[in-house]
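Enquirer: Quick one, final21.pdb (PDB, C-alpha atoms):
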MODEL        1
ATOM      1  CA  MET A   1       0.000   0.000   0.000
ATOM      2  CA  ALA A   2       1.250   3.459  -0.830
ATOM      3  CA  ILE A   3       0.624   4.824   2.651
ATOM      4  CA  PHE A   4       3.225   2.444   4.107
ATOM      5  CA  ASN A   5       5.827   3.248   1.420
ATOM      6  CA  SER A   6       5.920  -0.466   0.503
ATOM      7  CA  GLN A   7       7.861  -1.366   3.632
ATOM      8  CA  ALA A   8       7.228  -3.085   6.937
ATOM      9  CA  TRP A   9       6.505  -1.001  10.036
ATOM     10  CA  TRP A  10       6.251  -1.823  13.719
ATOM     11  CA  LEU A  11       2.557  -1.629  14.587
ATOM     12  CA  ASP A  12       3.530   0.546  17.553
ATOM     13  CA  ASP A  13       5.005   3.048  15.086
ATOM     14  CA  LEU A  14       1.637   3.255  13.342
ATOM     15  CA  THR A  15      -0.106   4.058  16.640
ATOM     16  CA  ASN A  16       2.502   6.533  17.854
ATOM     17  CA  GLY A  17       0.721   9.851  18.172
ATOM     18  CA  GLY A  18       4.044  11.617  18.650
ATOM     19  CA  SER A  19       3.495  15.318  18.043
ATOM     20  CA  TYR A  20       0.049  14.611  16.540
ATOM     21  CA  SER A  21      -1.719  13.364  19.659
ATOM     22  CA  GLU A  22      -0.707  12.183  23.130
ATOM     23  CA  LEU A  23      -3.894  10.106  23.337
ATOM     24  CA  ASN A  24      -2.326   7.447  21.118
ATOM     25  CA  ASN A  25       0.377   6.863  23.727
ATOM     26  CA  ALA A  26      -2.090   4.836  25.843
ATOM     27  CA  TYR A  27      -1.712   1.675  23.727
ATOM     28  CA  ARG A  28       1.036  -0.797  22.876
ATOM     29  CA  ILE A  29       0.125  -3.220  20.092
ATOM     30  CA  VAL A  30       0.864  -6.854  20.962
ATOM     31  CA  THR A  31      -0.352  -8.749  17.893
ATOM     32  CA  ALA A  32      -2.281  -8.034  14.726
ATOM     33  CA  SER A  33      -4.840 -10.611  13.712
ATOM     34  CA  ASP A  34      -6.037  -9.280  10.340
ATOM     35  CA  ILE A  35      -5.752  -6.459   7.812
ATOM     36  CA  ASN A  36      -8.279  -5.770   5.068
ATOM     37  CA  ASP A  37      -7.910  -4.140   1.637
ATOM     38  CA  ALA A  38      -8.737  -0.712   3.095
ATOM     39  CA  GLY A  39      -5.771  -0.974   5.488
ATOM     40  CA  VAL A  40      -7.915  -1.453   8.602
ATOM     41  CA  ILE A  41      -6.039  -3.633  11.104
ATOM     42  CA  SER A  42      -7.651  -5.622  13.915
ATOM     43  CA  ALA A  43      -5.232  -6.207  16.758
ATOM     44  CA  THR A  44      -4.716  -6.947  20.420
ATOM     45  CA  ALA A  45      -3.127  -4.223  22.515
ATOM     46  CA  ILE A  46      -2.094  -3.468  26.069
ATOM     47  CA  LYS A  47      -3.679  -0.260  27.378
ATOM     48  CA  CYS A  48      -2.369   2.051  30.079
ATOM     49  CA  ALA A  49      -5.285   4.200  31.247
ATOM     50  CA  SER A  50      -3.093   7.171  32.198
ATOM     51  CA  GLY A  51      -0.816   6.838  29.155
ATOM     52  CA  TYR A  52       2.689   5.427  29.047
ATOM     53  CA  ASP A  53       5.595   7.375  30.541
ATOM     54  CA  SER A  54       7.242   7.944  27.150
ATOM     55  CA  THR A  55       6.844   6.954  23.512
ATOM     56  CA  ASP A  56       9.562   4.254  23.782
ATOM     57  CA  HIS A  57       8.576   0.790  22.600
ATOM     58  CA  PHE A  58       9.144  -0.634  26.095
ATOM     59  CA  SER A  59       7.943   2.302  28.184
ATOM     60  CA  THR A  60       6.402   1.660  31.593
ATOM     61  CA  CYS A  61       2.859   2.434  32.678
ATOM     62  CA  GLY A  62       2.765   4.937  35.532
ATOM     63  CA  GLY A  63       6.393   4.363  36.446
ATOM     64  CA  GLY A  64       5.797   0.616  36.469
ATOM     65  CA  THR A  65       3.202   0.814  39.251
ATOM     66  CA  GLU A  66      -0.069   0.986  37.294
ATOM     67  CA  ALA A  67      -1.881  -2.048  35.929
ATOM     68  CA  GLU A  68      -2.284  -2.502  32.187
ATOM     69  CA  ALA A  69      -5.318  -4.076  30.508
ATOM     70  CA  VAL A  70      -5.465  -6.260  27.406
ATOM     71  CA  VAL A  71      -7.934  -4.831  24.863
ATOM     72  CA  ALA A  72      -9.004  -5.404  21.264
ATOM     73  CA  VAL A  73      -8.354  -2.470  18.931
ATOM     74  CA  LYS A  74      -9.208  -1.500  15.376
ATOM     75  CA  LEU A  75      -6.570   0.603  13.642
ATOM     76  CA  VAL A  76      -8.095   2.760  10.921
ATOM     77  CA  PRO A  77      -5.756   4.616   8.524
ATOM     78  CA  ILE A  78      -5.898   8.415   8.642
ATOM     79  CA  GLN A  79      -7.272   9.686   5.332
ATOM     80  CA  GLY A  80      -4.671  11.560   3.312
ATOM     81  CA  ALA A  81      -1.778  10.377   5.491
ATOM     82  CA  THR A  82       1.471   9.263   3.887
ATOM     83  CA  SER A  83       4.470   7.315   5.128
ATOM     84  CA  SER A  84       6.169  10.619   6.008
ATOM     85  CA  ASP A  85       3.446  11.142   8.646
ATOM     86  CA  ILE A  86       4.490   7.972  10.508
ATOM     87  CA  GLU A  87       6.674   8.809  13.509
ATOM     88  CA  SER A  88       8.784   5.901  14.725
ATOM     89  CA  ARG A  89       8.801   5.283  18.446
ATOM     90  CA  SER A  90      12.124   5.933  20.095
ATOM     91  CA  GLU A  91      14.342   3.069  21.173
ATOM     92  CA  ASN A  92      15.324   2.726  24.803
ATOM     93  CA  THR A  93      19.065   2.087  24.769
ATOM     94  CA  ALA A  94      19.557   1.932  28.535
ATOM     95  CA  THR A  95      22.044  -0.726  29.571
ATOM     96  CA  VAL A  96      20.646  -3.569  31.621
ATOM     97  CA  SER A  97      23.068  -5.086  34.102
ATOM     98  CA  ARG A  98      22.466  -8.696  34.997
ATOM     99  CA  GLU A  99      23.623 -10.264  38.216
ATOM    100  CA  GLY A 100      23.607 -13.837  39.446
ATOM    101  CA  GLY A 101      24.137 -15.425  36.048
ATOM    102  CA  SER A 102      26.971 -17.575  37.392
ATOM    103  CA  MET A 103      24.664 -19.155  39.960
ATOM    104  CA  THR A 104      23.383 -21.581  37.346
ATOM    105  CA  LEU A 105      26.881 -22.765  36.478
ATOM    106  CA  LEU A 106      27.740 -23.053  40.154
ATOM    107  CA  SER A 107      24.574 -25.075  40.778
ATOM    108  CA  LEU A 108      25.394 -27.401  37.890
ATOM    109  CA  PHE A 109      28.893 -27.907  39.284
ATOM    110  CA  PHE A 110      27.537 -28.878  42.721
ATOM    111  CA  LEU A 111      24.900 -31.129  41.166
ATOM    112  CA  LEU A 112      27.553 -32.942  39.118
ATOM    113  CA  THR A 113      29.817 -33.229  42.181
ATOM    114  CA  PHE A 114      26.936 -34.611  44.251
ATOM    115  CA  ARG A 115      26.147 -37.162  41.536
ATOM    116  CA  ILE A 116      29.766 -38.333  41.318
ATOM    117  CA  MET A 117      30.056 -38.552  45.108
ATOM    118  CA  ARG A 118      26.779 -40.513  45.336
ATOM    119  CA  ASP A 119      27.975 -43.012  42.739
ATOM    120  CA  TRP A 120      31.373 -43.299  44.426
ATOM    121  CA  TRP A 121      29.752 -43.771  47.855
ATOM    122  CA  GLY A 122      27.387 -46.406  46.419
ATOM    123  CA  HIS A 123      30.304 -48.401  44.991
ATOM    124  CA  LEU A 124      32.199 -48.084  48.289
ATOM    125  CA  VAL A 125      29.224 -49.436  50.269
ATOM    126  CA  ASP A 126      28.803 -52.316  47.784
ATOM    127  CA  ASN A 127      32.495 -53.218  48.147
ATOM    128  CA  ILE A 128      32.294 -53.137  51.959
ATOM    129  CA  GLN A 129      29.202 -55.372  51.920
ATOM    130  CA  THR A 130      30.980 -57.805  49.592
ATOM    131  CA  LEU A 131      34.037 -57.960  51.882
ATOM    132  CA  THR A 132      31.962 -58.541  55.025
ATOM    133  CA  ALA A 133      29.734 -61.215  53.493
TER     134      ALA A 133
ENDMDL
END
Could you spell out this file's structure in C-alpha cells?

Expert:
Amino acid sequence: MAIFNSQAWWLDDLTNGGSYSELNNAYRIVTASDINDAGVISATAIKCASGYDSTDHFSTCGGGTEAEAVVAVKLVPIQGATSSDIESRSENTATVSREGGSMTLLSLFFLLTFRIMRDWWGHLVDNIQTLTA
C-alpha cells in the first residue's frame, strides 16, 4: 500500500501519536490478527489508562506501578496520510546489568559433584558389603 511506502513497520510506530496526539500513547500493540484491503487492522493491545511514561517501545505504565489491561483495537488509517506522517517510536538504549548469572553454572557444578560422590559412595558401600559377606 502506498501509505506504508511499501515497507514493513512496527505496529507501535503506526499508533505513535508523537506530536500529533498524546492520546495514542495509551496503547502498545501486541499482535495483529487481520488487515483488510482498506488498510484497517484488527489487533490486540495493552492499554495504560493514564498513558505510558514515554513513547519508547518498552515504556512503563505509571512508572511501572499501574496495571495494564489487554484490549481489542481496530486501527483505521488516517485519510490523506502518507508514510512521512508515521513517527517511529524511540528506542530505549539503557544498559541492563544482569547479576547472578553464574549461579546456574555453580549449581550445575555442585549437582555434578553430588552425583559423582553418590555413585562413588554407592560403589564403596557395595564393596564393603561384599568384603563382610

Enquirer: Could you tell me how far CA of Val76 in chain A lies from CA of Val40 in chain A, in Å and to one decimal?

Expert: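 Interatomic distance, CA of Val76 in chain A to CA of Val40 in chain A: 4.8 Å.
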
Enquirer: Quick check, in Å to one decimal: how far apart do CA of Ser54 in chain A and CA of Glu66 in chain A lie?

Expert: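 Going from CA of Ser54 in chain A over to CA of Glu66 in chain A, I get 14.3 Å.
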
Enquirer: Counting all atoms listed in the file, what is within 8 Å of range 87-93 of chain A, bar same-chain residues fewer than 4 positions away, as a PDB file with C-alpha atoms, keeping the file's coordinate frame?

Expert:
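The file below, around_0.pdb, is the result:
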ATOM      1  CA  ASP A  12       3.530   0.546  17.553  1.00  0.00           C
ATOM      2  CA  ASP A  13       5.005   3.048  15.086  1.00  0.00           C
ATOM      3  CA  LEU A  14       1.637   3.255  13.342  1.00  0.00           C
ATOM      4  CA  ASN A  16       2.502   6.533  17.854  1.00  0.00           C
ATOM      5  CA  GLY A  17       0.721   9.851  18.172  1.00  0.00           C
ATOM      6  CA  GLY A  18       4.044  11.617  18.650  1.00  0.00           C
ATOM      7  CA  THR A  55       6.844   6.954  23.512  1.00  0.00           C
ATOM      8  CA  ASP A  56       9.562   4.254  23.782  1.00  0.00           C
ATOM      9  CA  HIS A  57       8.576   0.790  22.600  1.00  0.00           C
ATOM     10  CA  PHE A  58       9.144  -0.634  26.095  1.00  0.00           C
TER      11      PHE A  58
END

Enquirer: Here is a test: counting all atoms listed in the file, which residue of A:Ser83, A:Leu75, A:Leu131, A:His123 is nearest to Asn36 in chain A?

Expert: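 So, comparing all the options, the nearest one is A:Leu75.
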
Enquirer: For the provided coordinates, the residues matched by the PyMOL selection byres ((chain A and resi 25-34) around 6) should be stated as a list in words.

Expert: Asp12, Glu22, Leu23, Asn24, Ile35, Ile41, Ser42, Ala43, Thr44, Ala45, Ile46, Lys47, Cys48, Gly51 and Tyr52 of chain A

Enquirer: How about completing range 43-61 of chain A with N, CA and C atoms and giving it to me as a PDB file, keeping the file's coordinate frame?

Expert:
ATOM      1  N   ALA A  43      -6.394  -5.811  15.970  1.00  0.00           N
ATOM      2  CA  ALA A  43      -5.232  -6.207  16.758  1.00  0.00           C
ATOM      3  C   ALA A  43      -5.575  -6.325  18.232  1.00  0.00           C
ATOM      4  N   THR A  44      -4.640  -6.880  18.966  1.00  0.00           N
ATOM      5  CA  THR A  44      -4.716  -6.947  20.420  1.00  0.00           C
ATOM      6  C   THR A  44      -3.662  -5.994  20.960  1.00  0.00           C
ATOM      7  N   ALA A  45      -4.044  -5.214  21.961  1.00  0.00           N
ATOM      8  CA  ALA A  45      -3.127  -4.223  22.515  1.00  0.00           C
ATOM      9  C   ALA A  45      -3.149  -4.273  24.037  1.00  0.00           C
ATOM     10  N   ILE A  46      -2.136  -3.685  24.629  1.00  0.00           N
ATOM     11  CA  ILE A  46      -2.094  -3.468  26.069  1.00  0.00           C
ATOM     12  C   ILE A  46      -2.359  -1.984  26.269  1.00  0.00           C
ATOM     13  N   LYS A  47      -3.291  -1.655  27.169  1.00  0.00           N
ATOM     14  CA  LYS A  47      -3.679  -0.260  27.378  1.00  0.00           C
ATOM     15  C   LYS A  47      -3.282   0.202  28.772  1.00  0.00           C
ATOM     16  N   CYS A  48      -2.677   1.374  28.823  1.00  0.00           N
ATOM     17  CA  CYS A  48      -2.369   2.051  30.079  1.00  0.00           C
ATOM     18  C   CYS A  48      -3.336   3.223  30.176  1.00  0.00           C
ATOM     19  N   ALA A  49      -4.223   3.199  31.146  1.00  0.00           N
ATOM     20  CA  ALA A  49      -5.285   4.200  31.247  1.00  0.00           C
ATOM     21  C   ALA A  49      -4.743   5.625  31.340  1.00  0.00           C
ATOM     22  N   SER A  50      -3.643   5.823  32.040  1.00  0.00           N
ATOM     23  CA  SER A  50      -3.093   7.171  32.198  1.00  0.00           C
ATOM     24  C   SER A  50      -2.094   7.527  31.106  1.00  0.00           C
ATOM     25  N   GLY A  51      -1.813   6.606  30.201  1.00  0.00           N
ATOM     26  CA  GLY A  51      -0.816   6.838  29.155  1.00  0.00           C
ATOM     27  C   GLY A  51       0.553   6.393  29.626  1.00  0.00           C
ATOM     28  N   TYR A  52       1.351   5.901  28.702  1.00  0.00           N
ATOM     29  CA  TYR A  52       2.689   5.427  29.047  1.00  0.00           C
ATOM     30  C   TYR A  52       3.606   6.604  29.352  1.00  0.00           C
ATOM     31  N   ASP A  53       4.684   6.326  30.084  1.00  0.00           N
ATOM     32  CA  ASP A  53       5.595   7.375  30.541  1.00  0.00           C
ATOM     33  C   ASP A  53       6.330   8.066  29.400  1.00  0.00           C
ATOM     34  N   SER A  54       6.574   7.356  28.313  1.00  0.00           N
ATOM     35  CA  SER A  54       7.242   7.944  27.150  1.00  0.00           C
ATOM     36  C   SER A  54       6.740   7.227  25.906  1.00  0.00           C
ATOM     37  N   THR A  55       7.256   7.617  24.752  1.00  0.00           N
ATOM     38  CA  THR A  55       6.844   6.954  23.512  1.00  0.00           C
ATOM     39  C   THR A  55       7.767   5.794  23.147  1.00  0.00           C
ATOM     40  N   ASP A  56       8.696   5.414  24.028  1.00  0.00           N
ATOM     41  CA  ASP A  56       9.562   4.254  23.782  1.00  0.00           C
ATOM     42  C   ASP A  56       8.724   3.005  23.573  1.00  0.00           C
ATOM     43  N   HIS A  57       9.267   2.064  22.815  1.00  0.00           N
ATOM     44  CA  HIS A  57       8.576   0.790  22.600  1.00  0.00           C
ATOM     45  C   HIS A  57       8.310   0.070  23.922  1.00  0.00           C
ATOM     46  N   PHE A  58       9.257   0.118  24.847  1.00  0.00           N
ATOM     47  CA  PHE A  58       9.144  -0.634  26.095  1.00  0.00           C
ATOM     48  C   PHE A  58       8.957   0.288  27.296  1.00  0.00           C
ATOM     49  N   SER A  59       8.204   1.350  27.113  1.00  0.00           N
ATOM     50  CA  SER A  59       7.943   2.302  28.184  1.00  0.00           C
ATOM     51  C   SER A  59       7.086   1.663  29.270  1.00  0.00           C
ATOM     52  N   THR A  60       7.197   2.189  30.487  1.00  0.00           N
ATOM     53  CA  THR A  60       6.402   1.660  31.593  1.00  0.00           C
ATOM     54  C   THR A  60       5.111   2.445  31.758  1.00  0.00           C
ATOM     55  N   CYS A  61       4.167   1.828  32.424  1.00  0.00           N
ATOM     56  CA  CYS A  61       2.859   2.434  32.678  1.00  0.00           C
ATOM     57  C   CYS A  61       2.861   2.996  34.092  1.00  0.00           C
TER      58      CYS A  61
END
